[in-house]
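> Just passing along the structure, written as structure tokens.
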Amino acid sequence: MPVVVGLSWPGARNLRDLGGRVLRHGGTTAQGRVFRSAAPEYLSDDGWAAAKAAGVRTVVDLRNAPAETRRTPEHPIIRSASLDGLVFVAAPTEDPDDVEFLRVCGPWLDHPRCWVDNARLARTRIARVMRAVAEAETAVLVHCAGGRDRTGMICAMLLDLAGATGDAIIDDYADGWRGAGAYSGHGWIYDPDQQTWRQRHLPATEPQQLESQLADRVPALRDWITTFDTATYLATLGLTRHEIDSLKALLRP
């Protein structure tokens, strides 16, 4: 596995290594095995070259296609050769047309308060995500649109499996939230009053507002950490002991 010293993937947004997070029984999570980011369409040719040099061969996309996955004029044009050797796995964590999902999760899609219901309603989808990560032969990049909510949930599960402390999981989530807020762009939001999805411009968020948003979300995240057992949950999805053990070992030194 390549040694990762800092991260510099030209064009990348909200990019981080899941390594370096404190484990309950000592030490920190291993670097260079799982990366998380916002939509990778912002990566330049040099950015993809850097991702490959860091060991990435599998890219797990948590977004809903095609609405969220179309390239736009703000995305750089890259050579097709830049993507050679990469496996892209489309593995959305939500069904944007599921009536029950929209009823219980729709108002909370940017909040850990929806994670338990999301996990309950998207069992097959999350199983696909975790199997893609478990089966990857080298490093993995996990991403959604902003690298904040869906990516935050999946990475919290991976850190939980590794044995990260509660504070480490919170720190990773908070870094993802702040990282997403640093950029402006367009995103899809669900309007529960109108019961419809709509696209809107999302400006960069002021630091003070980001901290206020985090203060509202951390209690729900702490509750998830103390009540949700990722390994047990994955077993109910039909993941094998070998797959779960592989995920547990992935981020351990």
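Numbering starts fresh at 1 for the residues of each chain in the structure tokens, the chains themselves are lettered A, B, ... in the order given, and ligands are numbered from 1 as they appear.
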Where in range 60-222 of chain A does DSSP assign helix (DSSP H, G or I), given as a PyMOL selection string?

chain A and resi 80-83+99-108+112-121+123-135+150-162+166-181+207-222

> Hey, what's within 8 Å of range 97-114 of chain A if we count only C-alpha atoms and toss same-chain stuff fewer than 6 positions away? As a VMD selection string, please?

chain A and resid 121 149 153 190 to 192 217 220 to 221 224

> Taking into account only C-alpha atoms, which residue in the set A:Leu247, A:Met130, A:Leu62, A:Ala182 is nearest to Glu206 in chain A?

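The shortest atom-to-atom distance to Glu206 in chain A comes from A:Ala182.
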
> Which value, in Å to one decimal, gives the distance between CA of Lys52 in chain A and CA of Val87 in chain A?

11.4 Å

> Could you check the closest approach to Cys155 in chain A for each of A:Arg178, A:Arg24, A:Arg16, A:Arg36 and tell me which residue wins, using only C-alpha atoms?

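Smallest distance to Cys155 in chain A is found for A:Arg36.
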
> As number ranges by chain, which residues of range 64-194 of chain A does DSSP assign to strand (DSSP E)?

A: 87-90, 139-143, 185-191

> Quick one: of A:Thr236, A:Ser37, A:Ser44, A:Thr69, who's nearest to Arg148 in chain A, counting only C-alpha atoms?

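Comparing A:Thr236, A:Ser37, A:Ser44, A:Thr69 against Arg148 in chain A, the winner is A:Ser37.
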
> Any idea what's packed within 12 Å of range 74-79 of chain A, counting only C-alpha atoms, ignoring anything in its chain fewer than 6 positions away? Could you give it as a VMD selection string?

chain A and resid 10 to 13 39 to 49 184 to 186

> Could those selected residues go to a file with N, CA and C atoms, as a short mmCIF file (atom, residue, chain, number, x, y, z; two decimals), in the first residue's frame?


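After the write, out.cif holds the following:
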```cif
data_model
loop_
_atom_site.label_atom_id
_atom_site.label_comp_id
_atom_site.auth_asym_id
_atom_site.auth_seq_id
_atom_site.Cartn_x
_atom_site.Cartn_y
_atom_site.Cartn_z
N PRO A 10 -5.06 17.46 -7.34
CA PRO A 10 -5.54 18.69 -7.98
C PRO A 10 -7.01 18.62 -8.40
N GLY A 11 -7.75 19.59 -7.93
CA GLY A 11 -9.17 19.67 -8.24
C GLY A 11 -10.08 19.04 -7.21
N ALA A 12 -9.54 18.20 -6.34
CA ALA A 12 -10.38 17.48 -5.38
C ALA A 12 -11.05 18.43 -4.40
N ARG A 13 -12.29 18.10 -4.03
CA ARG A 13 -13.02 18.87 -3.04
C ARG A 13 -13.34 18.00 -1.83
N ALA A 39 -17.93 15.08 -4.97
CA ALA A 39 -17.97 14.54 -6.33
C ALA A 39 -16.61 14.63 -7.01
N PRO A 40 -16.10 13.53 -7.54
CA PRO A 40 -14.74 13.53 -8.10
C PRO A 40 -14.67 14.13 -9.50
N GLU A 41 -15.80 14.57 -10.06
CA GLU A 41 -15.76 15.20 -11.38
C GLU A 41 -14.91 16.47 -11.39
N TYR A 42 -14.61 17.00 -10.20
CA TYR A 42 -13.78 18.20 -10.14
C TYR A 42 -12.29 17.88 -10.28
N LEU A 43 -11.94 16.60 -10.18
CA LEU A 43 -10.53 16.22 -10.31
C LEU A 43 -10.03 16.47 -11.74
N SER A 44 -8.83 16.99 -11.84
CA SER A 44 -8.17 17.16 -13.13
C SER A 44 -7.45 15.86 -13.49
N ASP A 45 -6.84 15.83 -14.66
CA ASP A 45 -6.01 14.67 -15.02
C ASP A 45 -4.94 14.41 -13.96
N ASP A 46 -4.31 15.49 -13.51
CA ASP A 46 -3.30 15.35 -12.46
C ASP A 46 -3.91 14.86 -11.16
N GLY A 47 -5.15 15.27 -10.90
CA GLY A 47 -5.83 14.81 -9.70
C GLY A 47 -6.08 13.31 -9.72
N TRP A 48 -6.52 12.80 -10.87
CA TRP A 48 -6.72 11.35 -10.98
C TRP A 48 -5.40 10.60 -10.90
N ALA A 49 -4.36 11.19 -11.46
CA ALA A 49 -3.04 10.56 -11.37
C ALA A 49 -2.59 10.47 -9.91
N SER A 184 -19.08 26.43 -2.91
CA SER A 184 -20.40 26.70 -3.44
C SER A 184 -20.66 25.74 -4.61
N GLY A 185 -21.91 25.57 -4.96
CA GLY A 185 -22.24 24.68 -6.06
C GLY A 185 -23.74 24.50 -6.15
N HIS A 186 -24.15 23.55 -6.97
CA HIS A 186 -25.56 23.23 -7.11
C HIS A 186 -25.82 21.85 -6.52
#
```

> By how many Å are CA of Ala53 in chain A and CA of Gly26 in chain A apart?

28.9 Å

> Counting only C-alpha atoms, which residue out of A:Val59, A:Leu239, A:Thr29, A:Trp9 sits closest to Val140 in chain A?

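Smallest distance to Val140 in chain A is found for A:Val59.
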
> What's the separation between CA of Ala139 in chain A and CA of Arg57 in chain A, in Å to one decimal place?

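That distance, rounded to one decimal, is 6.2 Å.
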
> Which one is closest to Trp177 in chain A: A:Thr205, A:Asn64, A:Thr138, A:Ser8? Count only C-alpha atoms.

A:Thr205

> Closest to Asp171 in chain A among A:Gly20, A:Gly32, A:Pro207, A:Gly85, using only C-alpha atoms?

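Closest to Asp171 in chain A, using only C-alpha atoms: A:Gly20.
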
> For Thr240 in chain A, find every residue with an atom within 12 Å (counting only C-alpha atoms), except residues of its own chain fewer than 5 positions away, and show them as an mmCIF file with C-alpha atoms, in the first residue's frame.


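So part-v1.cif came out as:
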```
data_model
loop_
_atom_site.group_PDB
_atom_site.id
_atom_site.type_symbol
_atom_site.label_atom_id
_atom_site.label_comp_id
_atom_site.auth_asym_id
_atom_site.auth_seq_id
_atom_site.Cartn_x
_atom_site.Cartn_y
_atom_site.Cartn_z
ATOM 1 C CA ALA A 127 -25.018 -3.868 1.586
ATOM 2 C CA MET A 130 -20.059 -2.251 2.001
ATOM 3 C CA ARG A 131 -19.417 -5.214 -0.273
ATOM 4 C CA ALA A 134 -14.762 -5.062 1.307
ATOM 5 C CA GLU A 135 -13.956 -6.528 -2.120
ATOM 6 C CA ALA A 231 -21.239 -5.202 12.583
ATOM 7 C CA THR A 232 -24.575 -6.588 13.799
ATOM 8 C CA TYR A 233 -26.434 -4.486 11.256
ATOM 9 C CA LEU A 234 -24.294 -5.739 8.377
ATOM 10 C CA ALA A 235 -24.823 -9.330 9.481
ATOM 11 C CA ASP A 245 -14.001 -9.118 9.230
ATOM 12 C CA SER A 246 -12.403 -7.631 6.108
ATOM 13 C CA LEU A 247 -14.179 -4.332 6.769
#
```
